[in-house]
Amino acid sequence: NGLLPPVDAAKQPTTIHMERFFVFALMWSLGAILELDDRAKMQEFLEKKGGLNLPKYKAGETIFEYYVNDDGEWAHWISRVVKYEYPVDSIPNYDGILVPNVDNTCTEFLVDTIAKQFKKGVLLIGESGTAKTVIIKSYCSKYDPERHLYKALNFSSATTPGLFQAAVESYVDKRMGSTYGPPAGKKMSVFIDDVNMPIINEWGDQITNEIVRQLMENHGFYNLEKPGDYTTIADVQVMAAMIHPGGGRNDIPQRLKR
């Protein structure tokens with residue numbers, strides 16, 4: 001679990017701490033897919049049900065502005081926002097600057113909660129300009145390159161399953177037999193931007209994302225040069241970002257979302 005400490009940690013969560021974790025998990029599982037108006041309805045529903053250890057928020061705030069800190073107490077996200085220090089020894093790329101605020105601090109915390117479990121994928125959904133790409137790239141830039149690699153690629157309407165498979169296979173080395181993985185036994189996160197962009201064919205299938213699902217679910221690809229042979233891809237995690245579907249914008253397959 002991304003919120004719980006290791007079982008051998010000296011400090012284990014109390015019953016009250018676990019109750020708050022449960023509420024937090026409820027907020028950012030069911031609540032994460034809701035728009036602001038619907039989140040307010042969910043908050044009202046939870047308050048009416050009673051018996052839950054909800055944060056005590058101020059007027060004009062919601063429960064979604066609070067998280068559970070290391071002491072097991074509810075704390076406002078503002079307490080995690082760090083001051084932005086403009087680098088004095090270099091000039092950063094404009095499109096890579098991320099000034100911390102409550103929203104991106106919250107998002108990065110949630111990304112870390114899922115991504116550090118490694119076997120789970122991460123998907124950010126939002127309108128253009130909501131810093132999805134910058135947040136994930138900023139998060140991945142903190143990896144220790146001696147232990148964890150990071151690769152990024154963009155999908156477009158011209159991206160085919162073969163192109164995606166070739167890209168991933170170019171990132172890995174042979175380990176043993178038909179098993180491949182990142183060099184030197186490292187782990188690797190592959191970030192796919194605009195993951196919903198590949199075309200949907202006449203049968204309603206988005207075949208490029210079916211092979212993404214295959215990589216995540218079955219950990220490998222069928223060998224294109226030796227039909228019938230299967231290549232296992234180890235120690236690779238998939239992260240992605242996409243714009244809200246609808247209005248002519250593609251969705252992604254349901255099997256990829258699960």
# chains A, B, ... in the order shown; residues from 1 in each chain; ligands from 1

$ residues_around --residues "range 43-59 of chain A" --least-positions-apart "6" --cutoff "10 Å" --atoms "only C-alpha atoms" --output "VMD selection string"
chain A and resid 16 to 24 27 31 65 to 68 73 to 76

$ residues_around --residues "Thr159 in chain A" --least-positions-apart "2" --cutoff "12 Å" --atoms "only C-alpha atoms" --output "list in words"
Leu153, Asn154, Phe155, Ser156, Ser157, Pro161, Gly162, Leu163, Phe164, Gln165, Ala166, Ala167, Ile192, Asp193, Asp194, Val195, Asn196, Met197, Pro198, Ile199, Ile200, Gln206, Ile207, Thr208, Asn209, Ile211 and Val212 of chain A

$ residues_around --residues "range 89-99 of chain A" --least-positions-apart "3" --cutoff "12 Å" --atoms "only C-alpha atoms" --output "list in words"
Val81, Val82, Lys83, Tyr84, Glu85, Tyr86, Val102, Asp103, Asn104, Thr105, Glu108, Gly129, Thr130, Ala131, Lys132, Thr133, Val134, Ile135, Ile136, Lys137, Ser138, Tyr139 and Ser141 of chain A

$ write_last_selection --atoms "N, CA and C atoms" --output "CSV table (one decimal), in the first residue's frame"
chain,number,residue,atom,x,y,z
A,81,VAL,N,3.4,22.7,0.7
A,81,VAL,CA,3.9,23.5,-0.4
A,81,VAL,C,5.2,24.1,-0.1
A,82,VAL,N,6.2,23.9,-0.9
A,82,VAL,CA,7.5,24.4,-0.6
A,82,VAL,C,7.8,25.7,-1.4
A,83,LYS,N,8.6,26.5,-0.9
A,83,LYS,CA,8.9,27.8,-1.6
A,83,LYS,C,9.7,27.5,-2.9
A,84,TYR,N,9.3,28.2,-4.0
A,84,TYR,CA,10.0,28.0,-5.3
A,84,TYR,C,11.3,28.9,-5.3
A,85,GLU,N,12.4,28.3,-5.5
A,85,GLU,CA,13.7,29.0,-5.6
A,85,GLU,C,14.1,29.0,-7.1
A,86,TYR,N,14.2,30.1,-7.7
A,86,TYR,CA,14.6,30.2,-9.1
A,86,TYR,C,16.1,30.0,-9.1
A,102,VAL,N,-0.9,24.5,-4.2
A,102,VAL,CA,-1.7,23.4,-3.5
A,102,VAL,C,-2.1,22.3,-4.5
A,103,ASP,N,-2.5,22.7,-5.7
A,103,ASP,CA,-3.0,21.7,-6.6
A,103,ASP,C,-1.9,20.7,-7.1
A,104,ASN,N,-0.8,21.3,-7.6
A,104,ASN,CA,0.3,20.4,-8.1
A,104,ASN,C,1.0,19.7,-6.9
A,105,THR,N,1.0,20.2,-5.8
A,105,THR,CA,1.6,19.5,-4.6
A,105,THR,C,0.7,18.3,-4.3
A,108,GLU,N,1.2,15.7,-7.1
A,108,GLU,CA,2.5,15.0,-7.0
A,108,GLU,C,2.5,14.0,-5.9
A,129,GLY,N,-3.0,22.5,-20.3
A,129,GLY,CA,-2.5,23.6,-19.5
A,129,GLY,C,-2.6,23.3,-18.0
A,130,THR,N,-3.0,22.1,-17.6
A,130,THR,CA,-3.1,21.8,-16.1
A,130,THR,C,-1.9,21.2,-15.6
A,131,ALA,N,-0.8,21.2,-16.3
A,131,ALA,CA,0.5,20.8,-15.8
A,131,ALA,C,0.7,19.3,-15.6
A,132,LYS,N,-0.1,18.5,-16.4
A,132,LYS,CA,0.0,17.0,-16.2
A,132,LYS,C,1.4,16.5,-16.6
A,133,THR,N,1.8,17.0,-17.7
A,133,THR,CA,3.1,16.5,-18.2
A,133,THR,C,4.3,17.0,-17.3
A,134,VAL,N,4.2,18.3,-17.0
A,134,VAL,CA,5.3,18.9,-16.2
A,134,VAL,C,5.3,18.2,-14.8
A,135,ILE,N,4.2,17.9,-14.2
A,135,ILE,CA,4.2,17.2,-12.9
A,135,ILE,C,4.8,15.9,-13.0
A,136,ILE,N,4.5,15.1,-14.0
A,136,ILE,CA,5.1,13.7,-14.1
A,136,ILE,C,6.6,13.8,-14.4
A,137,LYS,N,7.0,14.7,-15.3
A,137,LYS,CA,8.4,14.8,-15.6
A,137,LYS,C,9.2,15.4,-14.4
A,138,SER,N,8.6,16.3,-13.6
A,138,SER,CA,9.2,16.8,-12.4
A,138,SER,C,9.4,15.7,-11.4
A,139,TYR,N,8.4,14.8,-11.3
A,139,TYR,CA,8.4,13.7,-10.3
A,139,TYR,C,9.5,12.7,-10.7
A,141,SER,N,12.1,13.2,-12.6
A,141,SER,CA,13.4,13.7,-12.6
A,141,SER,C,14.1,13.5,-11.3

$ select_by_dssp --residues "range 2-190 of chain A" --states "alpha helix (DSSP H)" --output "JSON, numbers by chain"
{"A": [15, 16, 17, 18, 19, 20, 21, 22, 23, 24, 25, 26, 27, 36, 37, 38, 39, 40, 41, 42, 43, 44, 45, 46, 47, 48, 49, 102, 103, 104, 105, 106, 107, 108, 109, 110, 111, 112, 113, 114, 115, 132, 133, 134, 135, 136, 137, 138, 139, 140, 161, 162, 163, 164, 165, 166, 167, 168, 169, 170, 171]}

$ closest_atom_pairs --of "range 214-236 of chain A" --to "range 115-127 of chain A" --cutoff "9 Å" --atoms "only C-alpha atoms" --output "Markdown table"
| residue | atom | partner | partner_atom | distance |
| --- | --- | --- | --- | --- |
| A:Met216 | CA | A:Gly121 | CA | 7.7 |
| A:Asp235 | CA | A:Phe118 | CA | 8.4 |
| A:Val236 | CA | A:Phe118 | CA | 8.2 |

$ write_last_selection --atoms "N, CA and C atoms" --output "short mmCIF file (atom, residue, chain, number, x, y, z; two decimals), in the first residue's frame"
data_model
loop_
_atom_site.label_atom_id
_atom_site.label_comp_id
_atom_site.auth_asym_id
_atom_site.auth_seq_id
_atom_site.Cartn_x
_atom_site.Cartn_y
_atom_site.Cartn_z
N MET A 216 1.46 -3.83 -19.67
CA MET A 216 1.18 -3.63 -18.25
C MET A 216 0.64 -4.91 -17.59
N ASP A 235 10.60 -5.21 -14.93
CA ASP A 235 10.99 -3.98 -14.23
C ASP A 235 10.68 -2.71 -15.02
N VAL A 236 9.54 -2.69 -15.70
CA VAL A 236 9.10 -1.50 -16.44
C VAL A 236 7.72 -1.09 -15.96
#

$ select_by_dssp --residues "range 99-241 of chain A" --states "strand (DSSP E or B)" --output "PyMOL selection string"
chain A and resi 122-125+148-154+173-176+179-181+187-193+220-222+230-233+236-241

$ closest_residue --among "A:Tyr150, A:Phe109, A:Tyr180, A:Trp203" --to "Leu3 in chain A" --atoms "only C-alpha atoms"
A:Phe109

$ atom_distance --atom1 "CA of Ser178 in chain A" --atom2 "CA of Glu210 in chain A"
21.5 Å

$ atom_distance --atom1 "CA of Leu149 in chain A" --atom2 "CA of Met188 in chain A"
4.4 Å

$ closest_residue --among "A:Gln237, A:Lys174, A:His219, A:Gly204" --to "Lys187 in chain A" --atoms "only C-alpha atoms"
A:Gln237

$ closest_residue --among "A:Leu4, A:Ile33, A:Ile114, A:Ala152" --to "Asp70 in chain A" --atoms "only C-alpha atoms"
A:Leu4
